[in-house]
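Asker: protein-v5.cif (mmCIF, C-alpha atoms and all ligand atoms) pasted underneath:
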data_data
loop_
_atom_site.label_atom_id
_atom_site.label_comp_id
_atom_site.auth_asym_id
_atom_site.auth_seq_id
_atom_site.Cartn_x
_atom_site.Cartn_y
_atom_site.Cartn_z
CA MET O 596 43.64 -19.15 -105.91
CA ASN O 597 45.62 -21.41 -108.21
CA ILE O 598 43.64 -21.94 -111.44
CA GLN O 599 44.53 -25.62 -111.61
CA LEU O 600 43.27 -26.01 -108.06
CA GLN O 601 39.99 -24.40 -109.14
CA TYR O 602 39.57 -26.97 -111.93
CA LEU O 603 40.44 -29.79 -109.54
CA ILE O 604 37.78 -28.55 -107.10
CA GLN O 605 35.23 -28.34 -109.90
CA LEU O 606 36.01 -31.92 -110.92
CA SER O 607 35.96 -33.11 -107.33
CA ASP O 608 32.58 -31.46 -106.68
CA LEU O 609 31.15 -33.10 -109.80
CA ASP O 610 32.54 -36.50 -108.84
CA THR O 611 31.09 -36.15 -105.34
CA GLN O 612 27.66 -35.56 -106.89
CA LEU O 613 27.97 -38.49 -109.25
CA GLU O 614 29.13 -40.72 -106.43
CA GLU O 615 26.20 -39.67 -104.24
CA LEU O 616 23.64 -40.36 -106.91
CA LYS O 617 25.06 -43.84 -107.30
CA ASN O 618 24.36 -44.36 -103.59
CA GLU O 619 21.00 -46.12 -103.39
CA ARG O 620 19.98 -44.48 -100.10
CA ILE O 621 20.75 -40.94 -101.27
CA ARG O 622 19.18 -41.50 -104.65
CA SER O 623 15.94 -42.81 -103.19
CA LYS O 624 15.86 -39.89 -100.73
CA GLU O 625 16.19 -37.45 -103.64
CA GLU O 626 13.49 -39.26 -105.58
CA SER O 627 11.14 -39.33 -102.59
CA ILE O 628 11.46 -35.55 -102.37
CA GLY O 629 10.44 -35.25 -105.99
CA PHE O 630 13.73 -34.76 -107.78
CA ARG O 631 14.04 -36.70 -110.99
CA VAL O 632 17.57 -37.70 -111.67
CA GLN O 633 17.61 -37.86 -115.44
CA SER O 634 20.05 -40.09 -117.20
CA LYS O 635 21.81 -37.53 -119.34
CA GLU O 636 24.90 -39.74 -119.43
CA ASN O 637 26.34 -38.12 -122.54
CA GLU O 638 26.02 -34.59 -121.27
CA ILE O 639 27.68 -35.52 -118.02
CA ILE O 640 30.55 -37.34 -119.69
CA LYS O 641 31.07 -34.32 -121.96
CA LEU O 642 31.00 -31.93 -119.03
CA ARG O 643 33.42 -34.05 -117.04
CA GLU O 644 35.76 -34.38 -120.02
CA ASN O 645 35.73 -30.63 -120.56
CA ILE O 646 36.88 -30.02 -117.01
CA ARG O 647 39.51 -32.77 -117.21
CA LYS O 648 40.95 -31.29 -120.42
CA LYS O 649 41.85 -28.12 -118.54
CA ILE O 650 43.86 -29.94 -115.89
CA GLU O 651 47.57 -30.64 -116.38
CA PRO O 652 48.18 -34.35 -117.09
CA GLU O 653 50.45 -34.80 -114.10
CA LEU O 654 47.83 -33.38 -111.72
CA LEU O 655 45.05 -35.34 -113.35
CA ASN O 656 47.06 -38.47 -112.88
CA LYS O 657 47.49 -37.64 -109.22
CA TYR O 658 43.76 -36.93 -108.87
CA ASP O 659 42.79 -40.23 -110.52
CA LYS O 660 45.18 -42.23 -108.37
CA ILE O 661 43.85 -40.72 -105.15
CA GLN O 662 40.26 -41.15 -106.26
CA LYS O 663 40.89 -44.78 -107.11
CA ARG O 664 42.48 -45.40 -103.75
CA TYR O 665 39.81 -43.69 -101.63
CA LYS O 666 36.80 -44.12 -103.98
CA MET O 667 36.00 -40.38 -103.74
CA ARG O 668 37.09 -36.98 -102.41
CA ALA O 669 40.45 -36.51 -104.08
CA VAL O 670 40.41 -32.88 -102.92
CA ALA O 671 40.25 -32.42 -99.16
CA GLN O 672 39.62 -29.36 -97.03
CA VAL O 673 42.10 -28.17 -94.48
CA ASN O 674 40.36 -26.77 -91.45
CA GLU O 675 42.39 -25.39 -88.55
CA GLY O 676 45.46 -27.27 -89.70
CA VAL O 677 43.71 -30.61 -90.06
CA CYS O 678 43.31 -32.51 -93.34
CA TYR O 679 39.63 -33.41 -93.60
CA GLY O 680 40.46 -36.29 -95.89
CA CYS O 681 42.28 -38.36 -93.27
CA PHE O 682 41.74 -36.20 -90.14
CA THR O 683 45.43 -35.87 -89.47
CA ALA O 684 46.99 -32.59 -88.36
CA LEU O 685 49.46 -31.24 -90.89
CA PRO O 686 52.97 -30.64 -89.56
CA THR O 687 53.33 -27.07 -88.33
CA SER O 688 54.91 -24.82 -90.95
CA TYR O 689 54.30 -27.52 -93.58
CA VAL O 690 53.09 -24.83 -95.97
CA SER O 691 53.81 -21.11 -95.97
CA GLU O 692 50.86 -18.76 -95.73
CA ALA O 693 51.52 -17.49 -99.26
CA ASP O 694 51.43 -20.96 -100.80
CA LYS O 695 48.06 -21.97 -99.35
CA ASN O 696 45.62 -22.39 -102.28
CA ASN O 697 48.19 -20.74 -104.55
CA LYS O 698 50.22 -23.88 -105.08
CA ILE O 699 49.09 -27.48 -105.41
CA ILE O 700 49.86 -29.03 -102.04
CA THR O 701 49.10 -32.61 -101.06
CA CYS O 702 48.58 -34.11 -97.62
CA PRO O 703 51.78 -35.81 -96.39
CA ASN O 704 49.65 -38.53 -94.80
CA CYS O 705 46.92 -39.44 -97.31
CA GLY O 706 48.14 -37.72 -100.47
CA ARG O 707 44.92 -35.83 -101.12
CA ILE O 708 45.09 -32.45 -102.83
CA LEU O 709 44.51 -29.79 -100.19
CA PHE O 710 42.25 -26.76 -100.09
CA TRP O 711 42.53 -24.36 -97.16
CA ILE O 712 39.07 -23.32 -96.12
CA GLU O 713 40.01 -20.42 -93.84
CA MET A 603 17.32 -29.26 -86.61
CA LEU A 604 15.15 -26.29 -87.55
CA ILE A 605 15.00 -24.65 -90.97
CA SER A 606 14.41 -21.26 -89.33
CA GLN A 607 17.76 -21.50 -87.55
CA PHE A 608 19.53 -21.46 -90.91
CA LEU A 609 17.62 -18.43 -92.12
CA LYS A 610 19.15 -15.20 -90.93
CA LYS A 611 17.95 -11.93 -92.31
CA GLU A 612 20.66 -11.78 -94.97
CA ASN A 613 19.75 -15.28 -96.17
CA VAL A 614 16.31 -14.30 -97.41
CA ILE A 615 15.99 -12.36 -100.64
CA PHE A 616 12.66 -10.83 -101.53
CA ASP A 617 11.86 -9.84 -105.09
CA LEU A 618 14.57 -11.64 -107.05
CA LYS A 619 15.36 -9.63 -110.15
CA SER A 620 16.31 -12.59 -112.35
CA LYS A 621 13.97 -14.15 -114.88
CA THR A 622 15.91 -17.32 -115.64
CA LYS A 623 17.31 -20.23 -113.65
CA ASP A 624 21.00 -19.48 -114.27
CA LYS A 625 20.60 -15.80 -113.46
CA ALA A 626 18.60 -16.53 -110.32
CA LEU A 627 21.27 -18.93 -109.06
CA GLU A 628 23.92 -16.28 -109.74
CA GLU A 629 21.90 -13.61 -107.98
CA MET A 630 21.49 -15.78 -104.90
CA VAL A 631 25.06 -17.06 -104.69
CA ASP A 632 26.25 -13.49 -105.06
CA LYS A 633 24.71 -12.73 -101.65
CA MET A 634 27.18 -15.03 -99.95
CA LYS A 635 30.00 -13.42 -98.06
CA LEU A 636 32.76 -15.29 -99.87
CA SER A 637 35.50 -14.48 -102.37
CA LYS A 638 34.56 -14.31 -106.04
CA GLU A 639 36.54 -17.48 -106.74
CA LYS A 640 34.64 -19.43 -104.10
CA LYS A 641 31.31 -18.09 -105.32
CA ASP A 642 32.15 -19.10 -108.89
CA LEU A 643 32.99 -22.64 -107.78
CA ILE A 644 29.76 -22.94 -105.81
CA LEU A 645 27.81 -21.75 -108.82
CA LEU A 646 29.52 -24.32 -111.04
CA SER A 647 28.65 -27.07 -108.59
CA LEU A 648 25.00 -25.98 -108.52
CA LYS A 649 24.82 -25.79 -112.31
CA GLN A 650 26.42 -29.22 -112.60
CA ARG A 651 23.71 -30.57 -110.33
CA GLU A 652 21.05 -29.09 -112.60
CA ILE A 653 22.48 -31.02 -115.56
CA LEU A 654 21.99 -34.24 -113.63
CA GLY A 655 18.31 -33.34 -113.26
CA THR A 656 16.31 -30.19 -112.65
CA THR A 657 15.70 -29.20 -109.03
CA GLY A 658 12.46 -27.46 -109.97
CA ILE A 659 10.12 -29.94 -108.31
CA GLY A 660 6.91 -28.29 -109.50
CA ASN A 661 4.20 -26.05 -108.02
CA GLY A 662 6.51 -23.04 -108.20
CA ILE A 663 9.16 -24.57 -105.94
CA ALA A 664 12.84 -25.13 -106.69
CA ILE A 665 15.41 -26.60 -104.31
CA PRO A 666 18.82 -26.30 -105.97
CA HIS A 667 21.42 -28.08 -103.90
CA ALA A 668 25.04 -29.08 -104.17
CA ARG A 669 28.17 -29.78 -102.24
CA SER A 670 31.41 -27.91 -102.65
CA VAL A 671 34.90 -28.26 -101.25
CA VAL A 672 35.04 -24.49 -100.76
CA LEU A 673 32.34 -24.46 -98.06
CA ASP A 674 32.94 -25.07 -94.38
CA LYS A 675 29.34 -25.33 -93.25
CA LEU A 676 25.83 -26.03 -94.43
CA CYS A 677 24.11 -22.91 -95.78
CA LEU A 678 20.54 -22.16 -96.77
CA TYR A 679 19.25 -19.21 -98.79
CA VAL A 680 15.71 -18.38 -99.83
CA GLY A 681 14.84 -16.31 -102.88
CA ILE A 682 11.33 -15.18 -103.71
CA SER A 683 10.07 -14.06 -107.09
CA PRO A 684 6.38 -13.11 -107.21
CA LYS A 685 6.64 -12.71 -111.00
CA GLY A 686 8.21 -16.14 -111.49
CA ILE A 687 11.40 -17.53 -112.95
CA GLU A 688 11.81 -19.83 -115.96
CA TYR A 689 13.34 -22.85 -114.34
CA GLU A 690 12.76 -25.91 -116.58
CA SER A 691 10.64 -27.36 -113.78
CA LEU A 692 9.14 -30.83 -113.94
CA ASP A 693 5.64 -29.39 -114.42
CA GLY A 694 6.81 -26.64 -116.76
CA LYS A 695 5.57 -23.93 -114.41
CA ASN A 696 7.61 -20.90 -113.43
CA VAL A 697 9.28 -20.91 -110.03
CA ASN A 698 8.27 -18.45 -107.31
CA ILE A 699 10.37 -19.66 -104.43
CA ILE A 700 13.90 -21.01 -104.41
CA PHE A 701 15.47 -22.80 -101.46
CA LEU A 702 19.18 -22.97 -102.17
CA ILE A 703 21.19 -25.44 -100.10
CA ILE A 704 24.94 -25.78 -100.23
CA ALA A 705 27.03 -28.05 -98.10
CA PRO A 706 30.63 -29.06 -97.55
CA PRO A 707 31.64 -32.41 -99.09
CA LEU A 708 31.85 -34.08 -95.74
CA ASP A 709 29.05 -34.06 -93.23
CA SER A 710 29.03 -37.04 -90.96
CA SER A 711 25.62 -36.43 -89.38
CA ASN A 712 23.95 -36.14 -92.79
CA GLN A 713 22.49 -32.73 -92.00
CA TYR A 714 22.38 -31.96 -95.70
CA LEU A 715 19.94 -34.74 -96.58
CA ILE A 716 17.83 -34.12 -93.50
CA LEU A 717 17.54 -30.42 -94.34
CA LEU A 718 16.68 -31.26 -97.93
CA GLY A 719 13.81 -33.48 -96.79
CA LYS A 720 12.49 -30.94 -94.31
CA ILE A 721 12.54 -28.16 -96.87
CA ALA A 722 10.68 -30.26 -99.40
CA ALA A 723 7.95 -30.92 -96.81
CA LEU A 724 7.82 -27.32 -95.60
CA SER A 725 7.70 -25.81 -99.09
CA LYS A 726 4.63 -27.86 -99.95
CA LYS A 727 2.88 -26.39 -96.92
CA LEU A 728 4.13 -22.91 -97.66
CA ILE A 729 2.66 -22.69 -101.14
CA LYS A 730 -0.77 -23.53 -99.76
CA LYS A 731 -0.66 -20.18 -97.97
CA LYS A 732 -1.96 -18.19 -100.90
CA ASP A 733 -0.55 -14.88 -99.73
CA TYR A 734 3.00 -15.97 -99.04
CA LEU A 735 4.25 -14.24 -102.18
CA LYS A 736 3.02 -10.93 -100.81
CA ILE A 737 5.34 -11.13 -97.82
CA ASP A 738 8.07 -8.60 -98.32
CA ASN A 739 9.86 -8.44 -94.99
CA TYR A 740 12.01 -10.82 -93.04
CA GLU A 741 10.07 -10.67 -89.78
CA ASP A 742 6.80 -11.84 -91.33
CA PHE A 743 8.53 -14.47 -93.42
CA ILE A 744 10.46 -16.06 -90.57
CA ALA A 745 7.34 -15.99 -88.37
CA LEU A 746 5.47 -17.95 -91.04
CA ILE A 747 8.33 -20.46 -91.43
CA LYS A 748 8.42 -20.99 -87.67
CA LYS A 749 4.67 -21.49 -87.56
CA LEU A 750 4.83 -24.07 -90.35
CA GLU A 751 7.71 -25.85 -88.64
CA GLU A 752 5.72 -26.07 -85.44
CA SER A 753 2.73 -27.54 -87.26
CA MET A 754 5.04 -30.10 -88.86
CA GLU A 755 6.41 -31.09 -85.44
CA ASP A 756 2.83 -31.68 -84.29
CA GLU A 757 2.22 -34.09 -87.13
CA ILE A 758 5.18 -36.25 -86.15
ZN ZN O 801 45.17 -36.23 -95.36
#
What would the structure in this file look like if it were written as structure tokens?
Ligand SMILES: [Zn+2]
Answerer:
Amino acid sequence: MNIQLQYLIQLSDLDTQLEELKNERIRSKEESIGFRVQSKENEIIKLRENIRKKIEPELLNKYDKIQKRYKMRAVAQVNEGVCYGCFTALPTSYVSEADKNNKIITCPNCGRILFWIE
Amino acid sequence: MLISQFLKKENVIFDLKSKTKDKALEEMVDKMKLSKEKKDLILLSLKQREILGTTGIGNGIAIPHARSVVLDKLCLYVGISPKGIEYESLDGKNVNIIFLIIAPPLDSSNQYLILLGKIAALSKKLIKKKDYLKIDNYEDFIALIKKLEESMEDEI
């Protein structure tokens, strides 16, 4: 797996969590279960910055642009040839088998960075 | 949706060896049948969640949970430690049972949150069964989970 892709996934997973905890419904569900979401803002900013530092500027730029456009999920899964970001089938032979998860590939339709799940 | 349906034999780990939170999470994620790279990313996502707030909800229960792009379906694992694990829980007590939930980023029917809620309710019933930590085989454990699930259905 491409190392830059790994960092992008790590960042995307973190951003998904942060986004969810901003969602009032999800947050109150978590709190009703007994989870305390502490406001360790500084630690989280530091953690996020540390991941971002490892990502090449050009890719980070791409990530930020996509995230801004779609609010979240800049990295999308590909499942059975379908981008799970926009639910469009990728063109057949769009990517060679060897390049899947070994190169940074974006969806031709929505521009999200792709991760092949299979 | 039933919790017991998510718990196959290989998803239940008796006698966790780890003594600390990080080690216990590693030990449990390691049981997943995924590549090392995927397992590492799942672990990172779980640890990131812990920074946002501990998932040790007290009374010996922890419910670590996270989403990751590398997963294609909702997974549940249970780890039991009769000796207890240092987990930075809300009540400061060691953790004896861990319910680990991991989900893909997208899940339209919100199974993840529903499962989370059910597990929280079930775990509170489970710890009232004083002898649950003595269970050391899958058959007895899943029978107890099913029984508790049935009693929860009755209450609704
Ligand atoms: Zn797409």
Asker: Mind checking which residues fall within 10 Å of Leu600 of chain O, counting only C-alpha atoms, ignoring those fewer than 3 positions away in the same chain, and posting them as a list of chain:residue names?
Answerer: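 Once the adjacent positions are removed, what remains is O:Met596, O:Asn597, O:Leu603, O:Ile604, O:Gln605, O:Leu606, O:Ile650, O:Leu654, O:Val670, O:Asn696, O:Asn697, O:Lys698, O:Ile699, O:Ile700, O:Ile708, O:Leu709, O:Phe710.
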Asker: Dump the neighbourhood of ligand ZN 801 (chain O) as a ChimeraX atom specification: all residues within 6 Å, distances computed on only C-alpha atoms and all ligand atoms.
Answerer: /O:678,680-681,683,702,704-705,707
Asker: Go ahead and save the picked residues with C-alpha atoms, as a compact mmCIF listing (two decimals), in the coordinates of the input.
Answerer:
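part.txt written:
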# COMPACT_ATOMS: atom_id res chain seq x y z
CA CYS O 678 43.31 -32.51 -93.34
CA GLY O 680 40.46 -36.29 -95.89
CA CYS O 681 42.28 -38.36 -93.27
CA THR O 683 45.43 -35.87 -89.47
CA CYS O 702 48.58 -34.11 -97.62
CA ASN O 704 49.65 -38.53 -94.80
CA CYS O 705 46.92 -39.44 -97.31
CA ARG O 707 44.92 -35.83 -101.12
Asker: Could you tell me which residues of chain O sit within 7 Å of chain A when counting all atoms listed in the file, and give me the result as a PDB file with C-alpha atoms, in the frame of the given file?
Answerer:
ATOM      1  CA  ILE O 604      37.780 -28.550-107.100  1.00  0.00           C
ATOM      2  CA  GLN O 605      35.230 -28.340-109.900  1.00  0.00           C
ATOM      3  CA  ASP O 608      32.580 -31.460-106.680  1.00  0.00           C
ATOM      4  CA  LEU O 609      31.150 -33.100-109.800  1.00  0.00           C
ATOM      5  CA  ILE O 628      11.460 -35.550-102.370  1.00  0.00           C
ATOM      6  CA  GLY O 629      10.440 -35.250-105.990  1.00  0.00           C
ATOM      7  CA  PHE O 630      13.730 -34.760-107.780  1.00  0.00           C
ATOM      8  CA  ARG O 631      14.040 -36.700-110.990  1.00  0.00           C
ATOM      9  CA  VAL O 632      17.570 -37.700-111.670  1.00  0.00           C
ATOM     10  CA  GLN O 633      17.610 -37.860-115.440  1.00  0.00           C
ATOM     11  CA  LYS O 635      21.810 -37.530-119.340  1.00  0.00           C
ATOM     12  CA  GLN O 672      39.620 -29.360 -97.030  1.00  0.00           C
ATOM     13  CA  ILE O 712      39.070 -23.320 -96.120  1.00  0.00           C
TER      14      ILE O 712
END
Asker: What separation in Å, quoted to one decimal, exists between atom CA of His667 of chain A and atom CA of Ile704 of chain A?
Answerer: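 Distance reported for this atom pair: 5.6 Å.
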Asker: Using only C-alpha atoms, which of the listed residues (A:Ser606, A:Lys641, A:Tyr714, A:Asp693) sits closest to Lys749 of chain A?
Answerer: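 Of A:Ser606, A:Lys641, A:Tyr714, A:Asp693, the one nearest Lys749 of chain A, counting only C-alpha atoms, is A:Ser606.
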Asker: Given the choices O:Val677, O:Trp711, O:Leu685, O:Gly706, which gets closest to Tyr665 of chain O if the distance is worked out from only C-alpha atoms?
Answerer: O:Gly706
Asker: I want to know what sits within 9 Å of Glu614 of chain O, based on all atoms listed in the file, with residues of the same chain fewer than 4 positions away left out; could you give that as a short mmCIF file (atom, residue, chain, number, x, y, z; two decimals) with C-alpha atoms, keeping the file's coordinate frame?
Answerer:
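Listed below is the output, part.cif:
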data_model
loop_
_atom_site.label_atom_id
_atom_site.label_comp_id
_atom_site.auth_asym_id
_atom_site.auth_seq_id
_atom_site.Cartn_x
_atom_site.Cartn_y
_atom_site.Cartn_z
CA LEU O 609 31.15 -33.10 -109.80
CA ASP O 610 32.54 -36.50 -108.84
CA ASN O 618 24.36 -44.36 -103.59
CA LYS O 666 36.80 -44.12 -103.98
CA MET O 667 36.00 -40.38 -103.74
#
Asker: Between atom CA of Glu752 of chain A and atom CA of Ile682 of chain A, what distance in Å does the model show, to one decimal?
Answerer: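 Between atom CA of Glu752 of chain A and atom CA of Ile682 of chain A the gap is 22.0 Å.
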Asker: One decimal, in Å: what's the spacing between atom CA of Ser607 of chain O and atom CA of Ile605 of chain A?
Answerer: 27.9 Å
Asker: Measuring atom to atom with all atoms listed in the file, identify which of A:Leu609, A:Val697, A:Leu724, A:Val680 is nearest to Met630 of chain A.
Answerer: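 Selected residue with least distance to Met630 of chain A: A:Val680.
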Asker: Which residues are near segment 686-690 of chain O? Cut-off 9 Å, only C-alpha atoms, ignore same chain within fewer than 5 positions. Put them as a CSV table (one decimal) with C-alpha atoms, in the coordinates of the input.
Answerer:
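Printed below is part-v1.csv as written:
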chain,number,residue,atom,x,y,z
O,676,GLY,CA,45.5,-27.3,-89.7
O,695,LYS,CA,48.1,-22.0,-99.4
O,700,ILE,CA,49.9,-29.0,-102.0
O,703,PRO,CA,51.8,-35.8,-96.4
Asker: Residues at most 9 Å from Ile729 of chain A, counting all atoms listed in the file, excluding those fewer than 5 positions away in the same chain, as a ChimeraX atom specification?
Answerer: /A:661-663,699,724,734-735
Asker: Please determine the residues with any atom at most 9 Å from (12.7, -7.9, -106.7) (coordinates as given in the file, with only C-alpha atoms counting) and report them as a ChimeraX atom specification.
Answerer: /A:615-620,682-685
